[in-house]
Amino acid sequence: MKKIKVAHTDLEISEIGLGIMRIDHLSIEQAKEVIQTAVDNGITFFDHADIYGGGESERIFGQAFSEMDIARDSVHIQSKTGIVPGKMYDFSKEHIIKSVEESLVRLKVDYLDALLLHRPDTLVEPEEVAEAFDQLEQQGKVRYFGVSNHNPMQIELLKKNVKQPLVFNQLQMSVSHHPMIDAGFNVNRSNELSLDRDGSLLDYSRLHDMTIQPWSPFQAGNGKSGILFDHAELKELNSVIERMAEEKGVSREAIAIAWLLRHPAKMQPIIGSMNPERIAASAKASGITLSREEWYELYKSGGFQLP
């Protein structure tokens with residue numbers, strides 16, 4: 001598995017990460033198999049959130065990981081905070097610190113390699129976030145920080161007081177859902193794809209050396225429900241994916257992930273499968289590089305015409 005050097009840090013992370021949201025449905029033994037499969041295939045970055053499974057996802061992972069012969073410093077563990085399910089978003093100092101401390105207990109670790117603010121809180125006070133980050137960093141509980149689902153101005157607002165570099169931004173993206181890319185192709189046009197919905201977030205991330213972590217990389221997106229594979233409205237895309245998979249001797253999952261990895265933004269896709277076979281199949285994306293022509297063919301086959 002190739003590594004990504006995260007700017008402004010000493011982190012070198014696997015270029016594919018594993019999201020742990022659904023691990024709460026597994027037994028401890030099944031969770032061990034998932035973790036071991038990931039590590040055996042070079043995926044050593046694990047993404048959590050305090051709310052996944054009501055905290056049960058972190059607990060299951062923590063218990064399983066603690067019983068395995070895997071060194072803590074050989075993997076990277078990330079979590080997210082800021083959502084109070086069904087009630088509000090909360091970026092208060094008190095909530096951030098309490099959330100991290102509870103995550104560490106559930107995960108049975110002493111520190112997080114990264115903490116992300118999960119979704120923007122319009123009542124955010126950057127001063128409070130800065131105080132929380134400073135305390136967590138000084139206490140050795142969090143090494144690095146980032147955001148999730150934030151646009152450039154929301155990030156700039158946080159930077160008004162936060163002194164630590166914000167090194168990650170976790171955003172929904174797949175080979176069939178990519179508004180960050182669509183707007184760039186359709187500059188100065190009047191069609192639906194020309195709408196800049198995120199403030200040029202892709203270019204902002206590249207300019208500021210933020211690592212984008214695409215979540216739901218197998219989702220159909222763009223108003224379509226379900227995963228993109230075998231989707232009734234994505235027949236041409238699936239045909240191209242299947243052809244390329246056969247040509248390269250890899251799975252459909254690997255092609256979908258390779259499409260994201262081909263982008264020079266050096267993204268780190270976060271897959272969410274708890275199926276060991278799919279995890280192993282997805283990991284093989286790290287071993288292939290799509291050509292420029294293949295990348296564009298996949299883009300267009302999803303129904304997105306170039307101007």
# chains A, B, ... in the order shown; residues from 1 in each chain; ligands from 1
$ select_by_dssp --residues "range 9-216 of chain A" --states "alpha helix (DSSP H)" --output "PyMOL selection string"
chain A and resi 28-40+56-66+93-107+126-138+152-159+179-185+201-207
$ residues_around --residues "range 195-201 of chain A" --least-positions-apart "5" --cutoff "8 Å" --atoms "only C-alpha atoms" --output "short mmCIF file (atom, residue, chain, number, x, y, z; two decimals) with C-alpha atoms, in the first residue's frame"
data_model
loop_
_atom_site.label_atom_id
_atom_site.label_comp_id
_atom_site.auth_asym_id
_atom_site.auth_seq_id
_atom_site.Cartn_x
_atom_site.Cartn_y
_atom_site.Cartn_z
CA ASN A 151 -16.26 24.89 3.08
CA PRO A 152 -13.30 27.28 2.65
CA MET A 153 -14.75 30.23 4.57
CA PRO A 179 -19.70 18.39 -7.52
CA MET A 180 -16.29 19.76 -6.49
CA ALA A 183 -18.12 23.17 -11.09
CA GLY A 184 -14.52 23.50 -12.22
#
$ closest_residue --among "A:Glu94, A:Glu125, A:Asp134, A:Asp209" --to "Ile4 in chain A" --atoms "only C-alpha atoms"
A:Asp209
$ closest_atom_pairs --of "range 88-206 of chain A" --to "range 260-274 of chain A" --cutoff "10 Å" --atoms "only C-alpha atoms" --output "Markdown table"
| residue | atom | partner | partner_atom | distance |
| --- | --- | --- | --- | --- |
| A:Phe168 | CA | A:Gln268 | CA | 9.5 |
| A:Asn169 | CA | A:Met267 | CA | 9.8 |
| A:Gln170 | CA | A:Ile270 | CA | 8.7 |
| A:Leu171 | CA | A:Pro269 | CA | 9.5 |
| A:Gln172 | CA | A:Pro269 | CA | 9.6 |
| A:Met173 | CA | A:Leu260 | CA | 8.3 |
| A:Ser174 | CA | A:Leu260 | CA | 7.1 |
| A:Val175 | CA | A:Leu260 | CA | 7.2 |
| A:His178 | CA | A:Leu260 | CA | 9.9 |
| A:Leu202 | CA | A:Ala265 | CA | 7.9 |
| A:Asp203 | CA | A:Ala265 | CA | 8.6 |
| A:Ser205 | CA | A:Ala265 | CA | 7.9 |
| A:Arg206 | CA | A:Ala265 | CA | 5.9 |
$ residues_around --residues "Gly287 in chain A" --least-positions-apart "3" --cutoff "8 Å" --atoms "only C-alpha atoms" --output "list in words"
Met1, Lys2 and Lys284 of chain A
$ residues_around --residues "Ser27 in chain A" --least-positions-apart "6" --cutoff "12 Å" --atoms "only C-alpha atoms" --output "number ranges by chain"
A: 33-34, 56-57, 59-61, 63-64, 274
$ closest_residue --among "A:Ser251, A:Gln154, A:Ser216, A:Ser99" --to "Ser282 in chain A" --atoms "only C-alpha atoms"
A:Ser251
$ closest_residue --among "A:Ala245, A:Ala114, A:Ile28, A:Leu104" --to "Ile13 in chain A" --atoms "only C-alpha atoms"
A:Ala114
$ residues_around --residues "range 277-279 of chain A" --least-positions-apart "5" --cutoff "8 Å" --atoms "only C-alpha atoms" --output "ChimeraX atom specification"
/A:37-38,253,271
$ write_last_selection --atoms "C-alpha atoms" --output "short mmCIF file (atom, residue, chain, number, x, y, z; two decimals), in the first residue's frame"
data_model
loop_
_atom_site.label_atom_id
_atom_site.label_comp_id
_atom_site.auth_asym_id
_atom_site.auth_seq_id
_atom_site.Cartn_x
_atom_site.Cartn_y
_atom_site.Cartn_z
CA THR A 37 -7.71 -7.90 6.93
CA ALA A 38 -7.23 -4.15 6.62
CA GLU A 253 -14.20 -1.50 -6.00
CA ILE A 271 -14.06 2.97 2.53
#
$ closest_residue --among "A:Gln135, A:Gln78, A:Ser225, A:Asn149" --to "Tyr111 in chain A" --atoms "only C-alpha atoms"
A:Gln78
$ residues_around --residues "His177 in chain A" --least-positions-apart "3" --cutoff "10 Å" --atoms "only C-alpha atoms" --output "ChimeraX atom specification"
/A:172-174,180-182,216-224,228,299,302
$ write_last_selection --atoms "C-alpha atoms" --output "PDB file, in the first residue's frame"
ATOM      1  CA  GLN A 172     -18.497  13.020   0.187  1.00  0.00           C
ATOM      2  CA  MET A 173     -17.107  12.005  -3.191  1.00  0.00           C
ATOM      3  CA  SER A 174     -17.227   9.082  -5.597  1.00  0.00           C
ATOM      4  CA  MET A 180     -16.286  19.756  -6.486  1.00  0.00           C
ATOM      5  CA  ILE A 181     -14.981  18.692  -9.894  1.00  0.00           C
ATOM      6  CA  ASP A 182     -18.110  19.464 -11.938  1.00  0.00           C
ATOM      7  CA  SER A 216     -18.912   7.031   0.758  1.00  0.00           C
ATOM      8  CA  PRO A 217     -16.675   6.374  -2.280  1.00  0.00           C
ATOM      9  CA  PHE A 218     -19.078   3.694  -3.547  1.00  0.00           C
ATOM     10  CA  GLN A 219     -22.272   5.745  -3.221  1.00  0.00           C
ATOM     11  CA  ALA A 220     -24.216   6.678  -6.352  1.00  0.00           C
ATOM     12  CA  GLY A 221     -24.872  10.203  -5.075  1.00  0.00           C
ATOM     13  CA  ASN A 222     -26.181  13.145  -7.124  1.00  0.00           C
ATOM     14  CA  GLY A 223     -29.751  12.427  -6.091  1.00  0.00           C
ATOM     15  CA  LYS A 224     -29.425   8.675  -6.624  1.00  0.00           C
ATOM     16  CA  LEU A 228     -23.122   2.862  -7.685  1.00  0.00           C
ATOM     17  CA  TYR A 299     -16.085  10.618 -15.542  1.00  0.00           C
ATOM     18  CA  GLY A 302     -21.413   8.581 -15.414  1.00  0.00           C
TER      19      GLY A 302
END
$ atom_distance --atom1 "CA of Phe145 in chain A" --atom2 "CA of Gly82 in chain A"
13.2 Å
$ residues_around --residues "His95 in chain A" --least-positions-apart "4" --cutoff "12 Å" --atoms "only C-alpha atoms" --output "PDB file with all heavy atoms, in the first residue's frame"
ATOM      1  N   ASP A  50     -17.474   9.940  17.272  1.00  0.00           N
ATOM      2  CA  ASP A  50     -18.046   9.662  18.591  1.00  0.00           C
ATOM      3  C   ASP A  50     -19.479   9.167  18.514  1.00  0.00           C
ATOM      4  O   ASP A  50     -19.950   8.438  19.388  1.00  0.00           O
ATOM      5  CB  ASP A  50     -17.957  10.904  19.490  1.00  0.00           C
ATOM      6  CG  ASP A  50     -18.643  12.133  18.897  1.00  0.00           C
ATOM      7  OD1 ASP A  50     -19.049  12.091  17.709  1.00  0.00           O
ATOM      8  OD2 ASP A  50     -18.750  13.147  19.609  1.00  0.00           O
ATOM      9  N   LYS A  80     -14.040  11.828  15.098  1.00  0.00           N
ATOM     10  CA  LYS A  80     -14.701  13.088  14.797  1.00  0.00           C
ATOM     11  C   LYS A  80     -15.648  13.455  15.933  1.00  0.00           C
ATOM     12  O   LYS A  80     -16.137  12.582  16.651  1.00  0.00           O
ATOM     13  CB  LYS A  80     -15.480  12.973  13.474  1.00  0.00           C
ATOM     14  CG  LYS A  80     -14.587  12.622  12.278  1.00  0.00           C
ATOM     15  CD  LYS A  80     -15.340  12.591  10.962  1.00  0.00           C
ATOM     16  CE  LYS A  80     -16.268  11.411  10.820  1.00  0.00           C
ATOM     17  NZ  LYS A  80     -15.522  10.116  10.728  1.00  0.00           N
ATOM     18  N   THR A  81     -15.908  14.749  16.056  1.00  0.00           N
ATOM     19  CA  THR A  81     -16.787  15.236  17.120  1.00  0.00           C
ATOM     20  C   THR A  81     -17.589  16.430  16.631  1.00  0.00           C
ATOM     21  O   THR A  81     -17.266  17.030  15.613  1.00  0.00           O
ATOM     22  CB  THR A  81     -15.969  15.639  18.358  1.00  0.00           C
ATOM     23  OG1 THR A  81     -16.872  15.990  19.424  1.00  0.00           O
ATOM     24  CG2 THR A  81     -15.071  16.843  18.072  1.00  0.00           C
ATOM     25  N   GLY A  82     -18.638  16.762  17.357  1.00  0.00           N
ATOM     26  CA  GLY A  82     -19.379  17.981  17.070  1.00  0.00           C
ATOM     27  C   GLY A  82     -20.845  17.782  16.762  1.00  0.00           C
ATOM     28  O   GLY A  82     -21.612  18.745  16.711  1.00  0.00           O
ATOM     29  N   ILE A  83     -21.287  16.532  16.541  1.00  0.00           N
ATOM     30  CA  ILE A  83     -22.700  16.268  16.287  1.00  0.00           C
ATOM     31  C   ILE A  83     -23.342  15.717  17.553  1.00  0.00           C
ATOM     32  O   ILE A  83     -22.836  14.762  18.144  1.00  0.00           O
ATOM     33  CB  ILE A  83     -22.891  15.249  15.138  1.00  0.00           C
ATOM     34  CG1 ILE A  83     -22.320  15.799  13.831  1.00  0.00           C
ATOM     35  CG2 ILE A  83     -24.370  14.912  14.958  1.00  0.00           C
ATOM     36  CD1 ILE A  83     -22.428  14.826  12.658  1.00  0.00           C
ATOM     37  N   VAL A  84     -24.432  16.322  17.963  1.00  0.00           N
ATOM     38  CA  VAL A  84     -25.262  15.774  19.036  1.00  0.00           C
ATOM     39  C   VAL A  84     -26.515  15.260  18.340  1.00  0.00           C
ATOM     40  O   VAL A  84     -27.405  16.043  17.993  1.00  0.00           O
ATOM     41  CB  VAL A  84     -25.616  16.839  20.094  1.00  0.00           C
ATOM     42  CG1 VAL A  84     -26.432  16.207  21.228  1.00  0.00           C
ATOM     43  CG2 VAL A  84     -24.356  17.500  20.637  1.00  0.00           C
ATOM     44  N   MET A  88     -28.464  18.936  17.848  1.00  0.00           N
ATOM     45  CA  MET A  88     -27.718  20.127  17.452  1.00  0.00           C
ATOM     46  C   MET A  88     -26.299  19.744  17.055  1.00  0.00           C
ATOM     47  O   MET A  88     -25.901  18.581  17.144  1.00  0.00           O
ATOM     48  CB  MET A  88     -27.648  21.115  18.625  1.00  0.00           C
ATOM     49  CG  MET A  88     -26.962  20.542  19.860  1.00  0.00           C
ATOM     50  SD  MET A  88     -26.996  21.686  21.269  1.00  0.00           S
ATOM     51  CE  MET A  88     -26.182  20.697  22.524  1.00  0.00           C
ATOM     52  N   TYR A  89     -25.537  20.735  16.615  1.00  0.00           N
ATOM     53  CA  TYR A  89     -24.096  20.619  16.469  1.00  0.00           C
ATOM     54  C   TYR A  89     -23.475  21.402  17.614  1.00  0.00           C
ATOM     55  O   TYR A  89     -24.020  22.413  18.068  1.00  0.00           O
ATOM     56  CB  TYR A  89     -23.629  21.175  15.124  1.00  0.00           C
ATOM     57  CG  TYR A  89     -24.238  20.463  13.937  1.00  0.00           C
ATOM     58  CD1 TYR A  89     -24.616  21.164  12.802  1.00  0.00           C
ATOM     59  CD2 TYR A  89     -24.444  19.077  13.955  1.00  0.00           C
ATOM     60  CE1 TYR A  89     -25.179  20.509  11.706  1.00  0.00           C
ATOM     61  CE2 TYR A  89     -24.991  18.422  12.865  1.00  0.00           C
ATOM     62  CZ  TYR A  89     -25.362  19.148  11.756  1.00  0.00           C
ATOM     63  OH  TYR A  89     -25.917  18.493  10.680  1.00  0.00           O
ATOM     64  N   ASP A  90     -22.324  20.964  18.083  1.00  0.00           N
ATOM     65  CA  ASP A  90     -21.750  21.577  19.278  1.00  0.00           C
ATOM     66  C   ASP A  90     -20.228  21.611  19.186  1.00  0.00           C
ATOM     67  O   ASP A  90     -19.556  20.603  19.365  1.00  0.00           O
ATOM     68  CB  ASP A  90     -22.184  20.786  20.525  1.00  0.00           C
ATOM     69  CG  ASP A  90     -21.835  21.492  21.824  1.00  0.00           C
ATOM     70  OD1 ASP A  90     -21.069  22.476  21.784  1.00  0.00           O
ATOM     71  OD2 ASP A  90     -22.322  21.054  22.889  1.00  0.00           O
ATOM     72  N   PHE A  91     -19.684  22.809  18.900  1.00  0.00           N
ATOM     73  CA  PHE A  91     -18.236  23.006  18.862  1.00  0.00           C
ATOM     74  C   PHE A  91     -17.742  23.748  20.110  1.00  0.00           C
ATOM     75  O   PHE A  91     -16.700  24.387  20.089  1.00  0.00           O
ATOM     76  CB  PHE A  91     -17.833  23.824  17.631  1.00  0.00           C
ATOM     77  CG  PHE A  91     -17.857  23.051  16.331  1.00  0.00           C
ATOM     78  CD1 PHE A  91     -18.272  21.728  16.276  1.00  0.00           C
ATOM     79  CD2 PHE A  91     -17.473  23.669  15.152  1.00  0.00           C
ATOM     80  CE1 PHE A  91     -18.292  21.025  15.076  1.00  0.00           C
ATOM     81  CE2 PHE A  91     -17.493  22.973  13.948  1.00  0.00           C
ATOM     82  CZ  PHE A  91     -17.905  21.663  13.914  1.00  0.00           C
ATOM     83  N   SER A  99     -15.967  14.867  24.531  1.00  0.00           N
ATOM     84  CA  SER A  99     -16.110  13.880  23.464  1.00  0.00           C
ATOM     85  C   SER A  99     -14.812  13.114  23.235  1.00  0.00           C
ATOM     86  O   SER A  99     -14.820  11.881  23.117  1.00  0.00           O
ATOM     87  CB  SER A  99     -16.533  14.569  22.160  1.00  0.00           C
ATOM     88  OG  SER A  99     -16.421  13.696  21.065  1.00  0.00           O
ATOM     89  N   VAL A 100     -13.692  13.816  23.171  1.00  0.00           N
ATOM     90  CA  VAL A 100     -12.405  13.157  22.947  1.00  0.00           C
ATOM     91  C   VAL A 100     -12.061  12.231  24.100  1.00  0.00           C
ATOM     92  O   VAL A 100     -11.626  11.087  23.892  1.00  0.00           O
ATOM     93  CB  VAL A 100     -11.289  14.200  22.741  1.00  0.00           C
ATOM     94  CG1 VAL A 100      -9.915  13.524  22.777  1.00  0.00           C
ATOM     95  CG2 VAL A 100     -11.488  14.918  21.415  1.00  0.00           C
ATOM     96  N   GLU A 101     -12.253  12.697  25.310  1.00  0.00           N
ATOM     97  CA  GLU A 101     -11.928  11.868  26.475  1.00  0.00           C
ATOM     98  C   GLU A 101     -12.766  10.590  26.487  1.00  0.00           C
ATOM     99  O   GLU A 101     -12.265   9.511  26.807  1.00  0.00           O
ATOM    100  CB  GLU A 101     -12.131  12.677  27.751  1.00  0.00           C
ATOM    101  CG  GLU A 101     -11.083  13.790  27.898  1.00  0.00           C
ATOM    102  CD  GLU A 101     -11.321  14.690  29.100  1.00  0.00           C
ATOM    103  OE1 GLU A 101     -12.449  14.680  29.645  1.00  0.00           O
ATOM    104  OE2 GLU A 101     -10.368  15.412  29.485  1.00  0.00           O
ATOM    105  N   GLU A 102     -14.036  10.698  26.107  1.00  0.00           N
ATOM    106  CA  GLU A 102     -14.895   9.510  26.065  1.00  0.00           C
ATOM    107  C   GLU A 102     -14.495   8.587  24.914  1.00  0.00           C
ATOM    108  O   GLU A 102     -14.535   7.356  25.064  1.00  0.00           O
ATOM    109  CB  GLU A 102     -16.357   9.939  25.935  1.00  0.00           C
ATOM    110  CG  GLU A 102     -16.891  10.614  27.198  1.00  0.00           C
ATOM    111  CD  GLU A 102     -18.309  11.146  27.042  1.00  0.00           C
ATOM    112  OE1 GLU A 102     -18.799  11.190  25.878  1.00  0.00           O
ATOM    113  OE2 GLU A 102     -18.929  11.517  28.052  1.00  0.00           O
ATOM    114  N   SER A 103     -14.100   9.166  23.777  1.00  0.00           N
ATOM    115  CA  SER A 103     -13.646   8.348  22.654  1.00  0.00           C
ATOM    116  C   SER A 103     -12.388   7.562  23.028  1.00  0.00           C
ATOM    117  O   SER A 103     -12.259   6.372  22.693  1.00  0.00           O
ATOM    118  CB  SER A 103     -13.364   9.221  21.425  1.00  0.00           C
ATOM    119  OG  SER A 103     -14.565   9.682  20.837  1.00  0.00           O
ATOM    120  N   LEU A 117     -13.590  18.037  13.201  1.00  0.00           N
ATOM    121  CA  LEU A 117     -14.886  18.616  13.543  1.00  0.00           C
ATOM    122  C   LEU A 117     -15.881  18.127  12.501  1.00  0.00           C
ATOM    123  O   LEU A 117     -15.723  18.401  11.306  1.00  0.00           O
ATOM    124  CB  LEU A 117     -14.789  20.141  13.548  1.00  0.00           C
ATOM    125  CG  LEU A 117     -13.803  20.732  14.566  1.00  0.00           C
ATOM    126  CD1 LEU A 117     -13.724  22.250  14.415  1.00  0.00           C
ATOM    127  CD2 LEU A 117     -14.197  20.361  15.991  1.00  0.00           C
ATOM    128  N   VAL A 124     -20.489  28.311  16.178  1.00  0.00           N
ATOM    129  CA  VAL A 124     -19.092  28.119  16.550  1.00  0.00           C
ATOM    130  C   VAL A 124     -18.455  29.424  17.010  1.00  0.00           C
ATOM    131  O   VAL A 124     -18.700  30.490  16.446  1.00  0.00           O
ATOM    132  CB  VAL A 124     -18.285  27.549  15.363  1.00  0.00           C
ATOM    133  CG1 VAL A 124     -18.293  28.490  14.164  1.00  0.00           C
ATOM    134  CG2 VAL A 124     -16.854  27.245  15.775  1.00  0.00           C
ATOM    135  N   GLU A 128     -13.179  29.237  21.353  1.00  0.00           N
ATOM    136  CA  GLU A 128     -13.413  28.039  22.161  1.00  0.00           C
ATOM    137  C   GLU A 128     -12.785  26.811  21.515  1.00  0.00           C
ATOM    138  O   GLU A 128     -12.217  25.947  22.188  1.00  0.00           O
ATOM    139  CB  GLU A 128     -14.913  27.810  22.370  1.00  0.00           C
ATOM    140  CG  GLU A 128     -15.533  28.683  23.438  1.00  0.00           C
ATOM    141  CD  GLU A 128     -16.818  28.064  23.979  1.00  0.00           C
ATOM    142  OE1 GLU A 128     -16.822  26.841  24.284  1.00  0.00           O
ATOM    143  OE2 GLU A 128     -17.808  28.804  24.095  1.00  0.00           O
ATOM    144  N   VAL A 129     -12.936  26.715  20.200  1.00  0.00           N
ATOM    145  CA  VAL A 129     -12.313  25.598  19.490  1.00  0.00           C
ATOM    146  C   VAL A 129     -10.805  25.631  19.699  1.00  0.00           C
ATOM    147  O   VAL A 129     -10.172  24.596  19.969  1.00  0.00           O
ATOM    148  CB  VAL A 129     -12.650  25.647  17.985  1.00  0.00           C
ATOM    149  CG1 VAL A 129     -11.896  24.543  17.236  1.00  0.00           C
ATOM    150  CG2 VAL A 129     -14.150  25.499  17.762  1.00  0.00           C
ATOM    151  N   GLU A 131      -9.115  26.906  22.172  1.00  0.00           N
ATOM    152  CA  GLU A 131      -8.784  26.518  23.544  1.00  0.00           C
ATOM    153  C   GLU A 131      -8.861  25.002  23.716  1.00  0.00           C
ATOM    154  O   GLU A 131      -8.011  24.392  24.375  1.00  0.00           O
ATOM    155  CB  GLU A 131      -9.725  27.214  24.531  1.00  0.00           C
ATOM    156  CG  GLU A 131      -9.504  28.711  24.656  1.00  0.00           C
ATOM    157  CD  GLU A 131     -10.521  29.368  25.581  1.00  0.00           C
ATOM    158  OE1 GLU A 131     -11.306  28.621  26.221  1.00  0.00           O
ATOM    159  OE2 GLU A 131     -10.546  30.615  25.646  1.00  0.00           O
ATOM    160  N   ALA A 132      -9.884  24.403  23.126  1.00  0.00           N
ATOM    161  CA  ALA A 132     -10.036  22.946  23.221  1.00  0.00           C
ATOM    162  C   ALA A 132      -8.877  22.242  22.522  1.00  0.00           C
ATOM    163  O   ALA A 132      -8.278  21.306  23.072  1.00  0.00           O
ATOM    164  CB  ALA A 132     -11.361  22.517  22.600  1.00  0.00           C
ATOM    165  N   PHE A 133      -8.538  22.681  21.322  1.00  0.00           N
ATOM    166  CA  PHE A 133      -7.443  22.064  20.576  1.00  0.00           C
ATOM    167  C   PHE A 133      -6.117  22.218  21.320  1.00  0.00           C
ATOM    168  O   PHE A 133      -5.322  21.277  21.392  1.00  0.00           O
ATOM    169  CB  PHE A 133      -7.337  22.682  19.181  1.00  0.00           C
ATOM    170  CG  PHE A 133      -8.385  22.210  18.197  1.00  0.00           C
ATOM    171  CD1 PHE A 133      -9.456  21.418  18.608  1.00  0.00           C
ATOM    172  CD2 PHE A 133      -8.302  22.560  16.855  1.00  0.00           C
ATOM    173  CE1 PHE A 133     -10.419  20.984  17.697  1.00  0.00           C
ATOM    174  CE2 PHE A 133      -9.255  22.125  15.948  1.00  0.00           C
ATOM    175  CZ  PHE A 133     -10.316  21.347  16.356  1.00  0.00           C
TER     176      PHE A 133
END
